[in-house]
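Below you'll find the structure, written out as C-alpha cells, and then a few comments.
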There are 2 protein chains.
Amino acid sequence: MINQSYKALLSGKSIIRELSEYATARGKEIGYENVFDYSLGNPSVPTAQGYTDAVIDMYQNKNPMEIHGYSPSLGIEWVRKTVADSLNRRFDMDYDTKHIFMASGAAGALAHAFRAVTEPGDEIIVFAPFFPEYAQYIGRTGAIMKVVPPNTKDFQINFEAFEEMINEKTMAVLINTPNNPSGIAYSTETIKRLAAVLEAKQKQFGHDIFLISDEPYREIVFEGADSPYPSKFYDNTLSCYSFSKSLSLPGERIGYVAVNPRCTDADVLAVIMGQISRGIGHNCPASTSQLAVAKVIDETSDLSVYETNMNLIYDALVDMGFTVVKPGGTFYIFPKALEEDANAFCMKAKKYDLILVPADNFGCPGYFRMAYCIDTEKVKRSLSVFRKFVEEEYGIGKKG
Amino acid sequence: MINQSYKALLSGKSIIRELSEYATARGKEIGYENVFDYSLGNPSVPTAQGYTDAVIDMYQNKNPMEIHGYSPSLGIEWVRKTVADSLNRRFDMDYDTKHIFMASGAAGALAHAFRAVTEPGDEIIVFAPFFPEYAQYIGRTGAIMKVVPPNTKDFQINFEAFEEMINEKTMAVLINTPNNPSGIAYSTETIKRLAAVLEAKQKQFGHDIFLISDEPYREIVFEGADSPYPSKFYDNTLSCYSFSKSLSLPGERIGYVAVNPRCTDADVLAVIMGQISRGIGHNCPASTSQLAVAKVIDETSDLSVYETNMNLIYDALVDMGFTVVKPGGTFYIFPKALEEDANAFCMKAKKYDLILVPADNFGCPGYFRMAYCIDTEKVKRSLSVFRKFVEEEYGIGKKG
C-alpha cells in the first residue's frame, strides 16, 4: 500500500514554490520583465567559467571510464583531499582526506550529518528564522526538531531561549550562517558564546552535542561583515557545504561534509556517512561534478551583484521606514512587514506584481523574505513600485 | 552521539569490494594484466559517444543558468516526458510525464520505490540469488526483507517457495531481470506466472502488492533470450532503471522510476517520491546528466563485447565440466563451485590470480559469480589459467 505518512505530505505545498509559480504565470500574462519576483533563492549569476572549462576539457580529453567510473561512496579520493587542503589553507584547519564526505549538495550533506550523530527520538535544535526544508530533512530521520525563537533585534542567536531549550536529549544543534532567510552572518562573538554553551552542556549531560553547520552561503559575505568559520571554534562540528551558490550550479547537486579532525570519532564519521548513503540510495554525487569542482576549488562566480542589490534594497527600505537588519551575506534580506500579518502584507504587494515571501514558515511571523538574486536593473525598477505600494496601501512616504 | 546502528555496520565489509581491492593491490605487484579480476560489475566499454557529445554541446552553447538551474524534485519535465515516450515506443506502454520520477541511479530509484509503497514493518520479498546491497537498501527503510531460496535448475523463480512465503504482510516483491548475479533473464512464462500469483494474493489479502522491478541490465540481453518488460504484465509495477550500464556511466548516478499508469495511485506516486527525496536529501540527479541522457534516450554504448565474453567463458566452463546456466544477459555468469564451500573454492582460485566472488552473500551458497566486463583478450588468457587451476586443484581435465 502507498505509504500514508508520505501521502499526507501531498497537501502541504511550499509557499515559496507557490509564489514562484504564480510569478511565472503572471510573467506570461504581462511580460516577465514586469513581475518583480523576489521569491526563489536561485543563483542569478553565470556559472564560474573555470567549472565549465574543466568539464569540457574532461569530456574532450579524458578516458571516459576514468571520469564516469563508480566513485567510492565517500567520494573520489583526490577530490576529498583537494577539499581538505583548501579548507586547511583558508581556515587554518587540519583536515585530512578521511574527514571529507562528498554529498549531493547541502541537502545531501545534512541528510548524512543528521543520521550520523542522532538516533530516532533525539532532539536537534534549530534557530529561527530557518530554511523551512529543515523540518523535512530532520523529520524523516526520526529525530525531533526544536525551534529556538528568533532574536529579531539583530538575528544573532537568542541565547536565553536556547539555554532554556537545550536538554539531555539534545544531540545536535543546527546553524546556518550566513543565514537564509535573514541574510545575517553569526559574528565571532556569537559563535564563541555558542561554543561555550555547548562545551558546558556536553559536560553537564555527559555526552557529545554535535554542531551541524549549514554553509551554502559561505562565499557570499559582504564588506565589513564578521563571518567566521564555525568549526574553528568548536571541535564537535560537521560543516555542510554546497557549491550551488558559490559556483552557480544548484542543479548539479554537489557539496560535502567536513568532519572536524578533533571531534569524537573523527576518523570514522565519514565512513559512517558512506554506510548511511547505502541505506538512502545516494551513493555519491556525480563523478564528473566531483572532479570539476575539485579543479576550481578556490574559485567562485562573480558574486558582487548580490552586494550591489542588497545595498540598493536596504537603503530604500530604510528610507521607506522599514525595520530591517542589514545583511552580512547571502542573497536574502528580511524586513519586518508593515502590518502584523505578513501574509496579508505580501498579498497586497502581489497586486503590484511584487512577489515577497511571508516568513511564518521560517519560524518568524510578521517578517518577509526577499531573494534578490535578480538583475540590478530590475531591482532598481522594483523599488519605485515598492514605494508606490507602501504609499498607496499604508500611507507611507506620501508627499504632504 | 554517533548513531550506533550505523557504527555497527563498519565491521561488515563487502566481500566484492575486498576482493576487488586485493586484485588492485596484486596488480601493482605483478602487473595488472596478470590479474584476472572478475570481481566488480564496472562497465568496461566506452561511454556512448552521443552522451559525451551532448554534454560538450550543452556546456559550449547553452545558457549555464538553464542547464545548471535547480531541477524540480521529480526531475526536469522535458526529460521525464522523453523517458515516458521512449518506454511507450519500445514497450507499447502509455506512460505520461507524471509517471516518471528521475533518480540517482538504480540505487536511488529503489530507495524511493521501497519507501513509497511500504511502511516500516512491512515485508518485501526478494528472490535468491540477489544483489547483496538489497539488504542495505531495504533494511534502512524499516521494511523487512524476506528471501525466497533459489531455483538452481534454471534460476527462474522458485514458485513453490515463493507461494509459501508470501503473506498478508507482503507489500512488495522485488525482482531483478536480467539478473545480477545469475545473468538469467526471467522469461515471459515466469513473469506471467508471477503476475498471476500476485493478482491472486492481492485479492486474497485485500491490499495492493507492488512489483518493484530493478532493471539496470535491461539493455544487455543476448541472442535468443526471452526478456520481457515486466510492467507490461502486472499493473502494480514500479520499474527502476539506471543508465549506468547501457551508456557506461556508473559514476554519473542517473536513472528513474517508471510508475505503471494502471497501478493504484498512479497519478500521485511520483509526487510522493518527490516528497521522499526531500526527507532523504537527494532532491534529484544532476541537471546536466538528466538533460544529456534525454538527448540520447534510445542509444547505448557498444555492448556486444559482453556477449562475446559470455560465450567464451560459458563454453569453456561447460567444457571443464562446470554446472552452469547460460546467461540471457548482463555481464555476469554464475557457475556452481567444484566443492561445497564456494569460499574455499574462490580462495584456491585466488592463488592463480583468478578473482572470483563466492555467492554466500547473494543468497546462494556453493556458487560463484564472474563479472566479465573486462577485455576479451584477457578473458581468453584467463581461461587457460582457469583450466590449470581446476586441473591442479580438482584433478579435472587432466590429460590421461
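Ordering of the C-alpha cells sets the chain letters (A, B, ...), residue numbers begin anew at 1 in every chain, and ligands are numbered from 1 in the order given.
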
Checklist entry - Near chain A, which residues of chain B fall within 6 Å when you count only C-alpha atoms, and what do they look like as a PyMOL selection string? => result chain B and resi 1-3+47+56+64+68-71+107-108+111+116-119+136-137+140+208+249-253+279-282+286-287

Checklist entry - Which polymer residues have any atom within 12 Å of an atom of Glu340 of chain B, counting only C-alpha atoms, with same-chain residues fewer than 5 positions away left out, as a list in words? => result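 Listed by chain and then number, they are Phe345, Cys346, Pro358, Ala359, Asp360, Cys364, Pro365, Gly366, Tyr367 and Phe368 of chain B.
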
Checklist entry - What is the atom CA of Phe243 of chain A to atom CA of Gly255 of chain A distance in Å? => result 5.6 Å

Checklist entry - as a ChimeraX atom specification, which residues of segment 149-243 of chain A does DSSP assign to strand (DSSP E or B)? => result /A:170-176,210-214,221,237-242

Quick one: write out the picked residues with N, CA and C atoms as a PDB file, in the first residue's frame?
```pdb
ATOM      1  N   THR A 170      19.170  16.677  23.663  1.00  0.00           N
ATOM      2  CA  THR A 170      19.752  17.426  22.541  1.00  0.00           C
ATOM      3  C   THR A 170      21.040  16.753  22.086  1.00  0.00           C
ATOM      4  N   MET A 171      21.041  16.212  20.873  1.00  0.00           N
ATOM      5  CA  MET A 171      22.246  15.547  20.376  1.00  0.00           C
ATOM      6  C   MET A 171      22.929  16.368  19.290  1.00  0.00           C
ATOM      7  N   ALA A 172      22.187  17.332  18.739  1.00  0.00           N
ATOM      8  CA  ALA A 172      22.798  18.166  17.703  1.00  0.00           C
ATOM      9  C   ALA A 172      22.133  19.533  17.695  1.00  0.00           C
ATOM     10  N   VAL A 173      22.905  20.511  17.233  1.00  0.00           N
ATOM     11  CA  VAL A 173      22.419  21.883  17.085  1.00  0.00           C
ATOM     12  C   VAL A 173      22.758  22.295  15.660  1.00  0.00           C
ATOM     13  N   LEU A 174      21.754  22.807  14.958  1.00  0.00           N
ATOM     14  CA  LEU A 174      21.948  23.171  13.549  1.00  0.00           C
ATOM     15  C   LEU A 174      22.019  24.684  13.421  1.00  0.00           C
ATOM     16  N   ILE A 175      23.088  25.172  12.802  1.00  0.00           N
ATOM     17  CA  ILE A 175      23.131  26.599  12.477  1.00  0.00           C
ATOM     18  C   ILE A 175      23.298  26.771  10.976  1.00  0.00           C
ATOM     19  N   ASN A 176      22.961  27.963  10.510  1.00  0.00           N
ATOM     20  CA  ASN A 176      23.054  28.272   9.081  1.00  0.00           C
ATOM     21  C   ASN A 176      23.524  29.715   8.981  1.00  0.00           C
ATOM     22  N   PHE A 210      26.665  17.595  18.839  1.00  0.00           N
ATOM     23  CA  PHE A 210      27.317  17.997  17.596  1.00  0.00           C
ATOM     24  C   PHE A 210      26.736  19.301  17.063  1.00  0.00           C
ATOM     25  N   LEU A 211      27.615  20.141  16.554  1.00  0.00           N
ATOM     26  CA  LEU A 211      27.191  21.353  15.863  1.00  0.00           C
ATOM     27  C   LEU A 211      27.189  21.034  14.368  1.00  0.00           C
ATOM     28  N   ILE A 212      26.007  21.101  13.762  1.00  0.00           N
ATOM     29  CA  ILE A 212      25.908  20.873  12.319  1.00  0.00           C
ATOM     30  C   ILE A 212      25.760  22.236  11.679  1.00  0.00           C
ATOM     31  N   SER A 213      26.757  22.591  10.888  1.00  0.00           N
ATOM     32  CA  SER A 213      26.831  23.953  10.362  1.00  0.00           C
ATOM     33  C   SER A 213      26.549  23.932   8.859  1.00  0.00           C
ATOM     34  N   ASP A 214      25.410  24.495   8.494  1.00  0.00           N
ATOM     35  CA  ASP A 214      24.970  24.502   7.087  1.00  0.00           C
ATOM     36  C   ASP A 214      25.493  25.774   6.431  1.00  0.00           C
ATOM     37  N   VAL A 221      29.688  36.857   1.313  1.00  0.00           N
ATOM     38  CA  VAL A 221      29.813  37.665   2.523  1.00  0.00           C
ATOM     39  C   VAL A 221      30.139  39.094   2.100  1.00  0.00           C
ATOM     40  N   THR A 237      32.157  19.660  15.385  1.00  0.00           N
ATOM     41  CA  THR A 237      31.427  20.344  14.314  1.00  0.00           C
ATOM     42  C   THR A 237      31.486  19.556  13.009  1.00  0.00           C
ATOM     43  N   LEU A 238      30.331  19.430  12.356  1.00  0.00           N
ATOM     44  CA  LEU A 238      30.258  18.890  10.996  1.00  0.00           C
ATOM     45  C   LEU A 238      29.847  20.053  10.090  1.00  0.00           C
ATOM     46  N   SER A 239      30.730  20.448   9.176  1.00  0.00           N
ATOM     47  CA  SER A 239      30.432  21.574   8.282  1.00  0.00           C
ATOM     48  C   SER A 239      29.838  21.035   6.987  1.00  0.00           C
ATOM     49  N   CYS A 240      28.630  21.496   6.654  1.00  0.00           N
ATOM     50  CA  CYS A 240      27.936  21.024   5.458  1.00  0.00           C
ATOM     51  C   CYS A 240      27.982  22.114   4.396  1.00  0.00           C
ATOM     52  N   TYR A 241      28.504  21.761   3.241  1.00  0.00           N
ATOM     53  CA  TYR A 241      28.723  22.773   2.211  1.00  0.00           C
ATOM     54  C   TYR A 241      28.092  22.342   0.895  1.00  0.00           C
ATOM     55  N   SER A 242      27.742  23.346   0.104  1.00  0.00           N
ATOM     56  CA  SER A 242      27.270  23.104  -1.255  1.00  0.00           C
ATOM     57  C   SER A 242      27.979  24.075  -2.179  1.00  0.00           C
TER      58      SER A 242
END
```

List the spatial neighbours of segment 182-187 of chain B as a compact mmCIF listing (two decimals) with all heavy atoms, in the first residue's frame - criterion: any atom at most 9 Å away, only C-alpha atoms, same-chain residues fewer than 3 positions off excluded.
```txt
# COMPACT_ATOMS: atom_id res chain seq x y z
N PRO B 129 19.25 -15.98 -6.37
CA PRO B 129 20.34 -15.13 -5.89
C PRO B 129 20.01 -13.64 -6.13
O PRO B 129 19.35 -13.32 -7.11
CB PRO B 129 21.52 -15.57 -6.74
CG PRO B 129 20.93 -16.05 -8.02
CD PRO B 129 19.60 -16.64 -7.65
N PHE B 130 20.50 -12.79 -5.25
CA PHE B 130 20.20 -11.36 -5.37
C PHE B 130 21.44 -10.51 -5.07
O PHE B 130 22.37 -10.97 -4.40
CB PHE B 130 19.07 -10.98 -4.41
CG PHE B 130 19.40 -11.22 -2.96
CD1 PHE B 130 20.02 -10.24 -2.19
CD2 PHE B 130 19.14 -12.45 -2.35
CE1 PHE B 130 20.36 -10.47 -0.86
CE2 PHE B 130 19.48 -12.69 -1.01
CZ PHE B 130 20.09 -11.70 -0.28
N ASP B 154 17.37 -23.49 -13.24
CA ASP B 154 17.49 -22.53 -14.34
C ASP B 154 17.48 -21.07 -13.85
O ASP B 154 17.48 -20.16 -14.66
CB ASP B 154 16.38 -22.76 -15.37
CG ASP B 154 14.98 -22.69 -14.73
OD1 ASP B 154 14.88 -22.27 -13.55
OD2 ASP B 154 14.00 -23.04 -15.42
N PHE B 155 17.46 -20.88 -12.52
CA PHE B 155 17.45 -19.55 -11.92
C PHE B 155 16.25 -18.70 -12.31
O PHE B 155 16.29 -17.47 -12.20
CB PHE B 155 18.78 -18.81 -12.14
CG PHE B 155 19.91 -19.43 -11.39
CD1 PHE B 155 20.94 -20.09 -12.07
CD2 PHE B 155 19.94 -19.41 -10.01
CE1 PHE B 155 21.99 -20.70 -11.37
CE2 PHE B 155 20.97 -20.01 -9.30
CZ PHE B 155 22.00 -20.66 -9.98
N GLN B 156 15.18 -19.35 -12.79
CA GLN B 156 13.89 -18.66 -12.85
C GLN B 156 13.36 -18.66 -11.41
O GLN B 156 14.05 -19.07 -10.49
CB GLN B 156 12.94 -19.39 -13.82
CG GLN B 156 13.45 -19.47 -15.27
CD GLN B 156 13.40 -18.13 -16.01
OE1 GLN B 156 12.48 -17.33 -15.82
NE2 GLN B 156 14.42 -17.88 -16.83
N ILE B 157 12.12 -18.22 -11.22
CA ILE B 157 11.60 -18.12 -9.85
C ILE B 157 11.26 -19.48 -9.25
O ILE B 157 10.70 -20.35 -9.94
CB ILE B 157 10.37 -17.18 -9.83
CG1 ILE B 157 10.83 -15.72 -9.99
CG2 ILE B 157 9.55 -17.34 -8.55
CD1 ILE B 157 9.71 -14.71 -10.13
N ASN B 176 14.80 -8.66 -10.24
CA ASN B 176 15.95 -8.05 -10.93
C ASN B 176 16.24 -8.93 -12.14
O ASN B 176 16.81 -10.00 -12.02
CB ASN B 176 17.15 -8.01 -9.96
CG ASN B 176 18.47 -7.64 -10.62
OD1 ASN B 176 19.52 -8.16 -10.28
ND2 ASN B 176 18.43 -6.74 -11.58
N THR B 177 15.79 -8.44 -13.28
CA THR B 177 15.93 -9.22 -14.52
C THR B 177 16.27 -8.31 -15.68
O THR B 177 15.66 -7.26 -15.80
CB THR B 177 14.65 -10.04 -14.80
OG1 THR B 177 14.78 -10.67 -16.08
CG2 THR B 177 13.38 -9.19 -14.81
N PRO B 178 17.30 -8.66 -16.50
CA PRO B 178 18.27 -9.74 -16.30
C PRO B 178 18.99 -9.57 -14.97
O PRO B 178 19.18 -8.46 -14.50
CB PRO B 178 19.22 -9.60 -17.48
CG PRO B 178 18.46 -8.82 -18.53
CD PRO B 178 17.53 -7.94 -17.79
N ASN B 179 19.39 -10.70 -14.41
CA ASN B 179 19.75 -10.77 -13.01
C ASN B 179 21.25 -10.68 -12.70
O ASN B 179 22.07 -11.33 -13.34
CB ASN B 179 19.19 -12.11 -12.45
CG ASN B 179 19.44 -12.28 -10.99
OD1 ASN B 179 20.45 -12.84 -10.57
ND2 ASN B 179 18.51 -11.78 -10.17
N THR B 190 7.68 -16.95 -16.85
CA THR B 190 7.93 -16.64 -15.43
C THR B 190 7.18 -15.39 -15.01
O THR B 190 6.53 -15.35 -13.96
CB THR B 190 9.45 -16.46 -15.20
OG1 THR B 190 10.10 -17.69 -15.45
CG2 THR B 190 9.74 -16.01 -13.77
N ILE B 191 7.29 -14.33 -15.81
CA ILE B 191 6.66 -13.05 -15.44
C ILE B 191 5.14 -13.20 -15.41
O ILE B 191 4.47 -12.68 -14.51
CB ILE B 191 7.09 -11.94 -16.43
CG1 ILE B 191 8.61 -11.73 -16.39
CG2 ILE B 191 6.34 -10.65 -16.14
CD1 ILE B 191 9.13 -11.08 -15.12
N LYS B 192 4.60 -13.95 -16.37
CA LYS B 192 3.14 -14.16 -16.39
C LYS B 192 2.69 -14.91 -15.15
O LYS B 192 1.68 -14.58 -14.53
CB LYS B 192 2.74 -14.95 -17.64
CG LYS B 192 2.59 -14.08 -18.88
CD LYS B 192 2.04 -14.92 -20.03
CE LYS B 192 1.75 -14.05 -21.25
NZ LYS B 192 1.50 -14.86 -22.45
N VAL B 221 21.00 -7.79 -23.29
CA VAL B 221 20.28 -9.06 -23.46
C VAL B 221 20.90 -9.78 -24.65
O VAL B 221 21.16 -9.17 -25.68
CB VAL B 221 18.77 -8.80 -23.70
CG1 VAL B 221 18.05 -10.09 -24.02
CG2 VAL B 221 18.16 -8.13 -22.48
N ALA B 225 17.57 -14.78 -26.04
CA ALA B 225 16.99 -14.71 -24.69
C ALA B 225 15.61 -14.09 -24.74
O ALA B 225 15.34 -13.19 -25.54
CB ALA B 225 17.91 -13.89 -23.78
N ASP B 226 14.74 -14.59 -23.89
CA ASP B 226 13.37 -14.07 -23.76
C ASP B 226 13.39 -13.16 -22.52
O ASP B 226 13.48 -13.65 -21.39
CB ASP B 226 12.42 -15.26 -23.58
CG ASP B 226 11.00 -14.83 -23.25
OD1 ASP B 226 10.62 -13.68 -23.56
OD2 ASP B 226 10.26 -15.66 -22.67
N SER B 227 13.33 -11.84 -22.73
CA SER B 227 13.47 -10.90 -21.61
C SER B 227 12.40 -9.81 -21.71
O SER B 227 12.66 -8.70 -22.16
CB SER B 227 14.88 -10.29 -21.64
OG SER B 227 15.08 -9.44 -20.53
N PRO B 228 11.18 -10.14 -21.31
CA PRO B 228 10.06 -9.21 -21.47
C PRO B 228 10.14 -8.04 -20.48
O PRO B 228 10.90 -8.10 -19.51
CB PRO B 228 8.85 -10.07 -21.14
CG PRO B 228 9.36 -11.08 -20.18
CD PRO B 228 10.78 -11.37 -20.59
N PRO B 230 8.63 -6.33 -17.54
CA PRO B 230 7.69 -6.85 -16.53
C PRO B 230 6.42 -6.01 -16.35
O PRO B 230 5.33 -6.56 -16.16
CB PRO B 230 8.54 -6.85 -15.25
CG PRO B 230 9.93 -7.04 -15.73
CD PRO B 230 10.00 -6.25 -17.01
N VAL B 325 24.29 -22.34 -15.79
CA VAL B 325 23.16 -21.98 -16.66
C VAL B 325 23.60 -20.85 -17.57
O VAL B 325 24.19 -19.86 -17.11
CB VAL B 325 21.94 -21.56 -15.82
CG1 VAL B 325 20.76 -21.24 -16.75
CG2 VAL B 325 21.55 -22.65 -14.83
N LYS B 326 23.32 -20.97 -18.86
CA LYS B 326 23.78 -19.96 -19.82
C LYS B 326 23.05 -18.64 -19.59
O LYS B 326 21.81 -18.60 -19.61
CB LYS B 326 23.52 -20.46 -21.24
CG LYS B 326 24.19 -19.58 -22.30
CD LYS B 326 24.09 -20.21 -23.70
CE LYS B 326 24.88 -19.37 -24.67
NZ LYS B 326 24.92 -19.96 -26.01
N PRO B 327 23.80 -17.54 -19.37
CA PRO B 327 23.17 -16.24 -19.13
C PRO B 327 22.38 -15.74 -20.35
O PRO B 327 22.76 -15.99 -21.49
CB PRO B 327 24.36 -15.30 -18.87
CG PRO B 327 25.45 -16.21 -18.40
CD PRO B 327 25.26 -17.48 -19.20
N GLY B 328 21.30 -15.04 -20.06
CA GLY B 328 20.50 -14.42 -21.12
C GLY B 328 20.83 -12.95 -21.27
O GLY B 328 20.34 -12.28 -22.18
N GLY B 329 21.66 -12.42 -20.36
CA GLY B 329 22.04 -11.02 -20.42
C GLY B 329 22.98 -10.65 -19.30
O GLY B 329 23.57 -11.53 -18.67
N THR B 330 23.15 -9.35 -19.04
CA THR B 330 24.07 -8.76 -18.04
C THR B 330 25.52 -8.97 -18.44
O THR B 330 25.81 -9.28 -19.60
CB THR B 330 23.90 -9.36 -16.60
OG1 THR B 330 24.48 -10.66 -16.52
CG2 THR B 330 22.44 -9.42 -16.21
N PHE B 331 26.44 -8.84 -17.49
CA PHE B 331 27.82 -9.23 -17.72
C PHE B 331 28.30 -10.13 -16.58
O PHE B 331 29.43 -10.03 -16.12
CB PHE B 331 28.76 -8.04 -17.95
CG PHE B 331 28.49 -6.79 -17.15
CD1 PHE B 331 28.51 -6.80 -15.77
CD2 PHE B 331 28.26 -5.58 -17.81
CE1 PHE B 331 28.30 -5.64 -15.05
CE2 PHE B 331 28.03 -4.41 -17.09
CZ PHE B 331 28.06 -4.43 -15.71
N TYR B 332 27.34 -11.00 -16.13
CA TYR B 332 27.66 -11.95 -15.07
C TYR B 332 27.39 -13.38 -15.53
O TYR B 332 26.51 -13.62 -16.37
CB TYR B 332 26.80 -11.69 -13.82
CG TYR B 332 26.92 -10.28 -13.30
CD1 TYR B 332 25.85 -9.38 -13.42
CD2 TYR B 332 28.09 -9.84 -12.69
CE1 TYR B 332 25.96 -8.08 -12.95
CE2 TYR B 332 28.20 -8.54 -12.22
CZ TYR B 332 27.13 -7.66 -12.35
OH TYR B 332 27.24 -6.39 -11.88
N ILE B 333 28.13 -14.30 -14.94
CA ILE B 333 27.83 -15.71 -15.10
C ILE B 333 27.99 -16.34 -13.71
O ILE B 333 28.76 -15.82 -12.88
CB ILE B 333 28.74 -16.38 -16.17
CG1 ILE B 333 28.22 -17.77 -16.55
CG2 ILE B 333 30.19 -16.44 -15.69
CD1 ILE B 333 28.86 -18.33 -17.82
N PHE B 334 27.25 -17.43 -13.45
CA PHE B 334 27.06 -17.86 -12.06
C PHE B 334 27.16 -19.37 -11.95
O PHE B 334 26.15 -20.07 -11.78
CB PHE B 334 25.67 -17.38 -11.63
CG PHE B 334 25.46 -17.33 -10.15
CD1 PHE B 334 26.22 -16.50 -9.33
CD2 PHE B 334 24.44 -18.09 -9.56
CE1 PHE B 334 25.98 -16.43 -7.97
CE2 PHE B 334 24.21 -18.03 -8.19
CZ PHE B 334 24.99 -17.19 -7.39
N PRO B 335 28.40 -19.91 -12.06
CA PRO B 335 28.55 -21.36 -12.03
C PRO B 335 28.56 -21.93 -10.61
O PRO B 335 28.75 -21.21 -9.64
CB PRO B 335 29.94 -21.58 -12.66
CG PRO B 335 30.43 -20.21 -13.06
CD PRO B 335 29.66 -19.21 -12.27
N ARG B 369 30.32 -15.96 -8.61
CA ARG B 369 29.99 -15.02 -9.67
C ARG B 369 31.25 -14.56 -10.39
O ARG B 369 32.27 -14.28 -9.76
CB ARG B 369 29.28 -13.79 -9.10
CG ARG B 369 28.77 -12.85 -10.18
CD ARG B 369 28.21 -11.55 -9.61
NE ARG B 369 29.28 -10.60 -9.30
CZ ARG B 369 29.09 -9.32 -8.99
NH1 ARG B 369 27.86 -8.83 -8.91
NH2 ARG B 369 30.12 -8.53 -8.72
```

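Of the residues under consideration (B:Lys380, B:His99, B:Lys245, B:Lys28), B:His99 shows the shortest atom-to-atom contact distance to Leu87 of chain B when counting only C-alpha atoms.
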
Item to check | Residue nearest Ile15 of chain B among B:Asn180, B:Trp78, B:Leu198, B:Pro132 (counting only C-alpha atoms) | outcome: B:Pro132

Checklist entry - Restricting the calculation to only C-alpha atoms, which member of B:Asp235, B:Phe389, B:Glu168, B:Ser304 is positioned closest to Met347 of chain B? => result B:Phe389

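Considering only C-alpha atoms, the residue among A:Phe159, A:Tyr229, A:Tyr217, A:Phe322 positioned nearest to Thr188 of chain A is A:Tyr229.
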